[in-house]
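Below is one structure, written out as structure tokens; comments come after it.
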Amino acid sequence: MNKLTILLLLIFSNNLFSQEITEEQRTFYTKVLHGADSLKFNKTTRNAFKFVEYKEGDFFKQIITPEEISSCTKLAKETAKLSLNDENQLILSGALTTRFNGEVTGILSIKLLENNLIKENGEKFQLNTLYNSNNGYGKINLKTNIKSNYTKDEKITGFVKFEINYLIGYDKVELTLNDIGKNITLNDCNYTIINIKENEIVLNKLSEKENELNVINFDKTGKVAKSYSYSELLEMTTKDSTISMESFDRKNRETYKMVRDLFEKKPKISLAEFKDFFTIDKLIEMKKEGKYVIVESIAPFQNKLELYSPKFHSEVIKVDIKQL
């Protein structure tokens, strides 16, 4: 699925039913929804994969200890500062302990939590809710665009709260192909297994909590499915155009239940048929019915699999803005 389609899906999911749907909007929505699942159900390419010896370190990162959390949070609070740059951005900078002198993806993240910045005239200093967070190698580095109009000499007061999330463990559950219909709990979130089909696990999420879900796919000898590197895939596709370059970095996605169920019954449903089915009332019903969570593997499931979810501990830091 290309980036434009993903962006349209995000906009669609956030804005659907925020206002009355017109026929023109219904045409657009059904086209986007049909295109997304049709690509999945009618793939013209195949995944290239291999089975290798299981190594725990390939899936699970070293967790952060309570002592490491305490010392890093203390340093972050002492060194964190806010500044405005010439590109109309608010910057959070600071230091991390030597435990985080390398890549921190998957073990530490920083999230904008609360904005309490005020302009000189008393208006709230508005920030974009999307931000670029590039932390690691001993540093905090988070940037977000400023939405408010202001002058360089204008006095901005107040504070911003950020959340530092530290990896403290993993919640795991082992499954087999016979566990369809089973209820499971991962990281305090309840799920029902709707289906395990080909390389997908379809889950009905019964809790509001947001979780990252990943899967380890074992074959009958205990080896695990693994994708080839980008360079290997690139070379393979020059010899075989049916091989997919699809990335499996994102391990889980969501799809509307009604759309998924319809494609299960009619995988080759045409756009015209799809649009006839999804009247405005059906779109409203679809939204109320909700979504499935789908966890994907690079290879079809054939034996045991292990679903797992990282667990994080959060620390909140309050940073006052200081005028130069």
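Here, A, B, ... name the chains of the structure tokens in the order displayed, residue numbers run from 1 inside each chain, and ligands are numbered from 1 in the same displayed order.
For Lys282 (chain A), the set of protein, DNA and RNA residues having any atom at most 10 Å away, when counting only C-alpha atoms and skipping those fewer than 6 positions along the same chain, is Met258, Asp276 and Lys288 of chain A.
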Generate the output file for the selected residues, N, CA and C atoms, as a PDB file, in the first residue's frame.
ATOM      1  N   MET A 258     -16.643  -4.759   8.943  1.00  0.00           N
ATOM      2  CA  MET A 258     -17.603  -4.989   7.877  1.00  0.00           C
ATOM      3  C   MET A 258     -16.919  -5.129   6.516  1.00  0.00           C
ATOM      4  N   ASP A 276     -22.208  -0.202  -4.168  1.00  0.00           N
ATOM      5  CA  ASP A 276     -23.635  -0.485  -4.025  1.00  0.00           C
ATOM      6  C   ASP A 276     -23.953  -0.984  -2.621  1.00  0.00           C
ATOM      7  N   LYS A 288     -19.721   2.234  13.450  1.00  0.00           N
ATOM      8  CA  LYS A 288     -20.158   1.825  14.787  1.00  0.00           C
ATOM      9  C   LYS A 288     -19.678   0.422  15.127  1.00  0.00           C
TER      10      LYS A 288
END
Practice item. Give me the residues within 10 Å of region 135-141 of chain A as JSON, numbers by chain, counting only C-alpha atoms and dropping any in the same chain fewer than 3 places off. Key: {"A": [72, 76, 79, 80, 81, 91, 92, 93, 94, 95, 96, 97, 98, 99, 100, 101, 102, 103, 104, 105, 108, 109, 110, 132]}
For the residues in the current selection, export C-alpha atoms as a short mmCIF file (atom, residue, chain, number, x, y, z; two decimals), in the first residue's frame.
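Output contents, as saved in part-v9.cif:
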data_model
loop_
_atom_site.label_atom_id
_atom_site.label_comp_id
_atom_site.auth_asym_id
_atom_site.auth_seq_id
_atom_site.Cartn_x
_atom_site.Cartn_y
_atom_site.Cartn_z
CA CYS A 72 17.84 8.84 33.20
CA ALA A 76 16.38 14.52 31.65
CA THR A 79 18.88 19.21 31.38
CA ALA A 80 15.62 19.48 29.39
CA LYS A 81 14.94 22.87 27.83
CA ILE A 91 12.39 22.20 20.19
CA LEU A 92 12.79 20.02 23.28
CA SER A 93 16.42 19.16 23.93
CA GLY A 94 18.25 17.52 26.80
CA ALA A 95 20.52 14.67 27.84
CA LEU A 96 20.06 10.94 28.34
CA THR A 97 22.30 8.73 30.47
CA THR A 98 25.07 6.58 28.97
CA ARG A 99 22.65 3.62 28.97
CA PHE A 100 21.13 5.30 25.92
CA ASN A 101 24.31 6.19 24.07
CA GLY A 102 23.20 4.10 21.09
CA GLU A 103 20.01 3.50 19.10
CA VAL A 104 16.94 3.74 21.35
CA THR A 105 14.20 2.58 18.97
CA LEU A 108 12.81 4.50 24.80
CA SER A 109 10.46 7.05 23.27
CA ILE A 110 9.43 10.60 24.11
CA ASN A 132 9.48 14.68 14.86
#
Review point. Which residues come within 10 Å of Arg260 (chain A), counting only C-alpha atoms, excluding same-chain residues fewer than 4 positions away, as a list in words?
Key: Leu33, His34, Asp37, Ser38, Phe41, Val202, Glu254, Thr255, Tyr256, Glu264, Lys265, Lys266, Pro267, Lys291 and Tyr292 of chain A
Put those residues in a file: C-alpha atoms, as a compact mmCIF listing (two decimals), in the first residue's frame.
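Dumped to out35.txt:
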# COMPACT_ATOMS: atom_id res chain seq x y z
CA LEU A 33 -11.74 1.32 1.42
CA HIS A 34 -12.12 -1.00 -1.54
CA ASP A 37 -8.44 -4.44 1.11
CA SER A 38 -8.59 -5.42 -2.55
CA PHE A 41 -6.97 -10.06 -1.02
CA VAL A 202 -7.32 -11.37 12.82
CA GLU A 254 -6.51 -2.16 11.50
CA THR A 255 -9.36 -2.68 9.06
CA TYR A 256 -13.09 -2.17 9.43
CA GLU A 264 -13.77 -12.77 3.08
CA LYS A 265 -17.06 -13.68 1.39
CA LYS A 266 -16.28 -12.03 -1.97
CA PRO A 267 -12.49 -11.55 -2.37
CA LYS A 291 -12.31 -2.52 13.42
CA TYR A 292 -10.28 -5.71 13.58
Practice item. Would you please give, as a ChimeraX atom specification, all residues of region 13-118 of chain A that DSSP assigns to strand (DSSP E) based on the backbone? Key: /A:49-52,81-84,89-95,108-118
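The space between CA of Glu200 (chain A) and CA of Pro300 (chain A) spans 7.6 Å.
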Study note, to complete from the structure: Nearest to Ser297 (chain A), restricted to only C-alpha atoms and choosing among A:Leu186, A:Ala225, A:Leu283, A:Ile146, comes out as A:Ala225
Practice item. To one decimal in Å, tell me the separation between CA of Glu174 (chain A) and CA of Lys311 (chain A). Key: 17.1 Å
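Distance annotation: of A:Lys55, A:Lys111, A:His313, A:Lys147, the residue with the minimal separation from Ser133 (chain A) is A:Lys111; atom set is only C-alpha atoms.
Using only C-alpha atoms, the smallest distance between any of A:Leu39, A:Leu206, A:Leu112, A:Ile280 and Cys189 (chain A) comes from A:Leu206.
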Using only C-alpha atoms, which protein or nucleic acid residues come within 6 Å of Leu307 (chain A)? Drop anything in the same chain fewer than 6 positions from it, and give the result as a tab-separated table (two decimals) with C-alpha atoms, in the first residue's frame.
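Everything below was put into part07.tsv:
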chain	number	residue	atom	x	y	z
A	172	LYS	CA	3.62	-13.06	25.52
A	173	VAL	CA	1.10	-15.74	24.56
A	214	ASN	CA	4.20	-8.56	17.11
A	215	VAL	CA	4.34	-12.22	16.13
Point to revise | Residue nearest Thr45 (chain A) - candidates A:Glu246, A:Leu84, A:Ile298, A:Thr192, atoms counted: only C-alpha atoms | key: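 Nearest to Thr45 (chain A): A:Glu246.
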Exercise for review: Within region 181-298 of chain A, find each residue whose DSSP state, derived from the backbone, is helix (DSSP H, G or I), and express the selection as an NGL selection string.
Suggested key: :A and (230-239 or 257-265 or 271-277 or 280-289)
Could you turn the residues from that selection into a file that holds N, CA, C and O atoms, as a compact mmCIF listing (two decimals), in the first residue's frame?
# COMPACT_ATOMS: atom_id res chain seq x y z
N TYR A 230 16.77 -5.62 2.50
CA TYR A 230 16.31 -4.81 1.37
C TYR A 230 17.18 -5.05 0.14
O TYR A 230 16.67 -5.20 -0.97
N SER A 231 18.50 -5.09 0.35
CA SER A 231 19.41 -5.28 -0.78
C SER A 231 19.23 -6.66 -1.41
O SER A 231 19.30 -6.82 -2.64
N GLU A 232 18.98 -7.69 -0.55
CA GLU A 232 18.75 -9.03 -1.07
C GLU A 232 17.45 -9.08 -1.89
O GLU A 232 17.40 -9.68 -2.97
N LEU A 233 16.40 -8.43 -1.34
CA LEU A 233 15.13 -8.39 -2.06
C LEU A 233 15.25 -7.67 -3.39
O LEU A 233 14.68 -8.09 -4.39
N LEU A 234 16.00 -6.59 -3.37
CA LEU A 234 16.18 -5.81 -4.60
C LEU A 234 16.82 -6.67 -5.69
O LEU A 234 16.40 -6.64 -6.85
N GLU A 235 17.82 -7.44 -5.29
CA GLU A 235 18.48 -8.32 -6.25
C GLU A 235 17.54 -9.44 -6.71
O GLU A 235 17.51 -9.80 -7.89
N MET A 236 16.73 -9.97 -5.79
CA MET A 236 15.81 -11.04 -6.13
C MET A 236 14.73 -10.57 -7.11
O MET A 236 14.33 -11.31 -8.01
N THR A 237 14.26 -9.33 -6.94
CA THR A 237 13.20 -8.83 -7.81
C THR A 237 13.67 -8.57 -9.23
O THR A 237 12.86 -8.55 -10.16
N THR A 238 14.97 -8.37 -9.41
CA THR A 238 15.48 -8.19 -10.77
C THR A 238 15.39 -9.50 -11.56
O THR A 238 15.35 -9.48 -12.79
N LYS A 239 15.35 -10.62 -10.83
CA LYS A 239 15.26 -11.93 -11.48
C LYS A 239 13.84 -12.48 -11.47
O LYS A 239 13.48 -13.33 -12.28
N LYS A 257 -14.33 -4.03 10.37
CA LYS A 257 -14.84 -5.40 10.43
C LYS A 257 -15.75 -5.69 9.24
O LYS A 257 -15.65 -6.76 8.62
N MET A 258 -16.64 -4.76 8.94
CA MET A 258 -17.60 -4.99 7.88
C MET A 258 -16.92 -5.13 6.52
O MET A 258 -17.33 -5.94 5.68
N VAL A 259 -15.86 -4.34 6.30
CA VAL A 259 -15.11 -4.42 5.04
C VAL A 259 -14.38 -5.75 4.95
O VAL A 259 -14.43 -6.44 3.93
N ARG A 260 -13.72 -6.13 6.03
CA ARG A 260 -12.98 -7.39 6.05
C ARG A 260 -13.92 -8.58 5.82
O ARG A 260 -13.62 -9.48 5.02
N ASP A 261 -15.04 -8.59 6.52
CA ASP A 261 -15.98 -9.71 6.39
C ASP A 261 -16.54 -9.81 4.97
O ASP A 261 -16.76 -10.91 4.45
N LEU A 262 -16.76 -8.66 4.34
CA LEU A 262 -17.26 -8.66 2.98
C LEU A 262 -16.24 -9.24 2.01
O LEU A 262 -16.57 -10.04 1.12
N PHE A 263 -14.97 -8.87 2.19
CA PHE A 263 -13.92 -9.41 1.32
C PHE A 263 -13.67 -10.89 1.57
O PHE A 263 -13.28 -11.62 0.66
N GLU A 264 -13.89 -11.34 2.80
CA GLU A 264 -13.77 -12.77 3.08
C GLU A 264 -14.80 -13.57 2.27
O GLU A 264 -14.52 -14.65 1.77
N LYS A 265 -16.00 -13.01 2.14
CA LYS A 265 -17.06 -13.68 1.39
C LYS A 265 -16.88 -13.52 -0.12
O LYS A 265 -17.14 -14.45 -0.89
N LEU A 271 -15.40 -2.70 -7.50
CA LEU A 271 -15.64 -1.41 -6.86
C LEU A 271 -17.12 -1.03 -6.97
O LEU A 271 -17.70 -0.50 -6.02
N ALA A 272 -17.72 -1.31 -8.11
CA ALA A 272 -19.14 -0.98 -8.30
C ALA A 272 -20.02 -1.74 -7.31
O ALA A 272 -20.92 -1.17 -6.69
N GLU A 273 -19.74 -3.04 -7.13
CA GLU A 273 -20.51 -3.85 -6.18
C GLU A 273 -20.28 -3.37 -4.76
O GLU A 273 -21.19 -3.31 -3.93
N PHE A 274 -19.03 -3.03 -4.47
CA PHE A 274 -18.65 -2.55 -3.14
C PHE A 274 -19.39 -1.25 -2.82
O PHE A 274 -19.93 -1.07 -1.72
N LYS A 275 -19.44 -0.36 -3.79
CA LYS A 275 -20.12 0.93 -3.59
C LYS A 275 -21.61 0.73 -3.41
O LYS A 275 -22.25 1.40 -2.59
N ASP A 276 -22.21 -0.20 -4.17
CA ASP A 276 -23.64 -0.49 -4.03
C ASP A 276 -23.95 -0.98 -2.62
O ASP A 276 -24.99 -0.66 -2.05
N PHE A 277 -23.05 -1.78 -2.07
CA PHE A 277 -23.25 -2.34 -0.73
C PHE A 277 -23.14 -1.25 0.34
O PHE A 277 -23.96 -1.18 1.26
N ILE A 280 -24.76 5.18 2.46
CA ILE A 280 -24.41 6.08 3.57
C ILE A 280 -24.76 5.43 4.90
O ILE A 280 -23.99 5.48 5.87
N ASP A 281 -25.92 4.81 4.97
CA ASP A 281 -26.33 4.14 6.22
C ASP A 281 -25.37 3.00 6.58
O ASP A 281 -25.06 2.79 7.76
N LYS A 282 -24.90 2.26 5.55
CA LYS A 282 -23.96 1.16 5.79
C LYS A 282 -22.62 1.68 6.30
O LYS A 282 -21.97 1.06 7.13
N LEU A 283 -22.18 2.82 5.77
CA LEU A 283 -20.93 3.42 6.23
C LEU A 283 -21.04 3.80 7.71
O LEU A 283 -20.09 3.61 8.49
N ILE A 284 -22.18 4.33 8.09
CA ILE A 284 -22.41 4.69 9.50
C ILE A 284 -22.42 3.43 10.37
O ILE A 284 -21.81 3.40 11.45
N GLU A 285 -23.08 2.39 9.88
CA GLU A 285 -23.11 1.11 10.60
C GLU A 285 -21.70 0.52 10.70
O GLU A 285 -21.31 -0.03 11.75
N MET A 286 -20.93 0.62 9.63
CA MET A 286 -19.55 0.12 9.60
C MET A 286 -18.71 0.80 10.68
O MET A 286 -17.94 0.16 11.40
N LYS A 287 -18.86 2.11 10.78
CA LYS A 287 -18.10 2.88 11.76
C LYS A 287 -18.44 2.43 13.19
O LYS A 287 -17.56 2.25 14.03
N LYS A 288 -19.72 2.23 13.45
CA LYS A 288 -20.16 1.82 14.79
C LYS A 288 -19.68 0.42 15.13
O LYS A 288 -19.36 0.12 16.27
N GLU A 289 -19.62 -0.44 14.12
CA GLU A 289 -19.21 -1.83 14.35
C GLU A 289 -17.73 -1.94 14.71
O GLU A 289 -17.32 -2.86 15.40
Exercise for review: Can you work out which one of A:Ile164, A:Asn121, A:Thr144, A:Thr30 has the shortest atom-to-atom distance to Asn85 (chain A), counting only C-alpha atoms?
Suggested key: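 Using only C-alpha atoms, Asn85 (chain A) sits closest to A:Thr144.
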Practice item. Would you please work out which residue, of A:Ala48, A:Ile294, A:Leu175, A:Leu130, is nearest to Ser241 (chain A) when using only C-alpha atoms? Key: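 With only C-alpha atoms as the atom set, the closest residue is A:Ala48.
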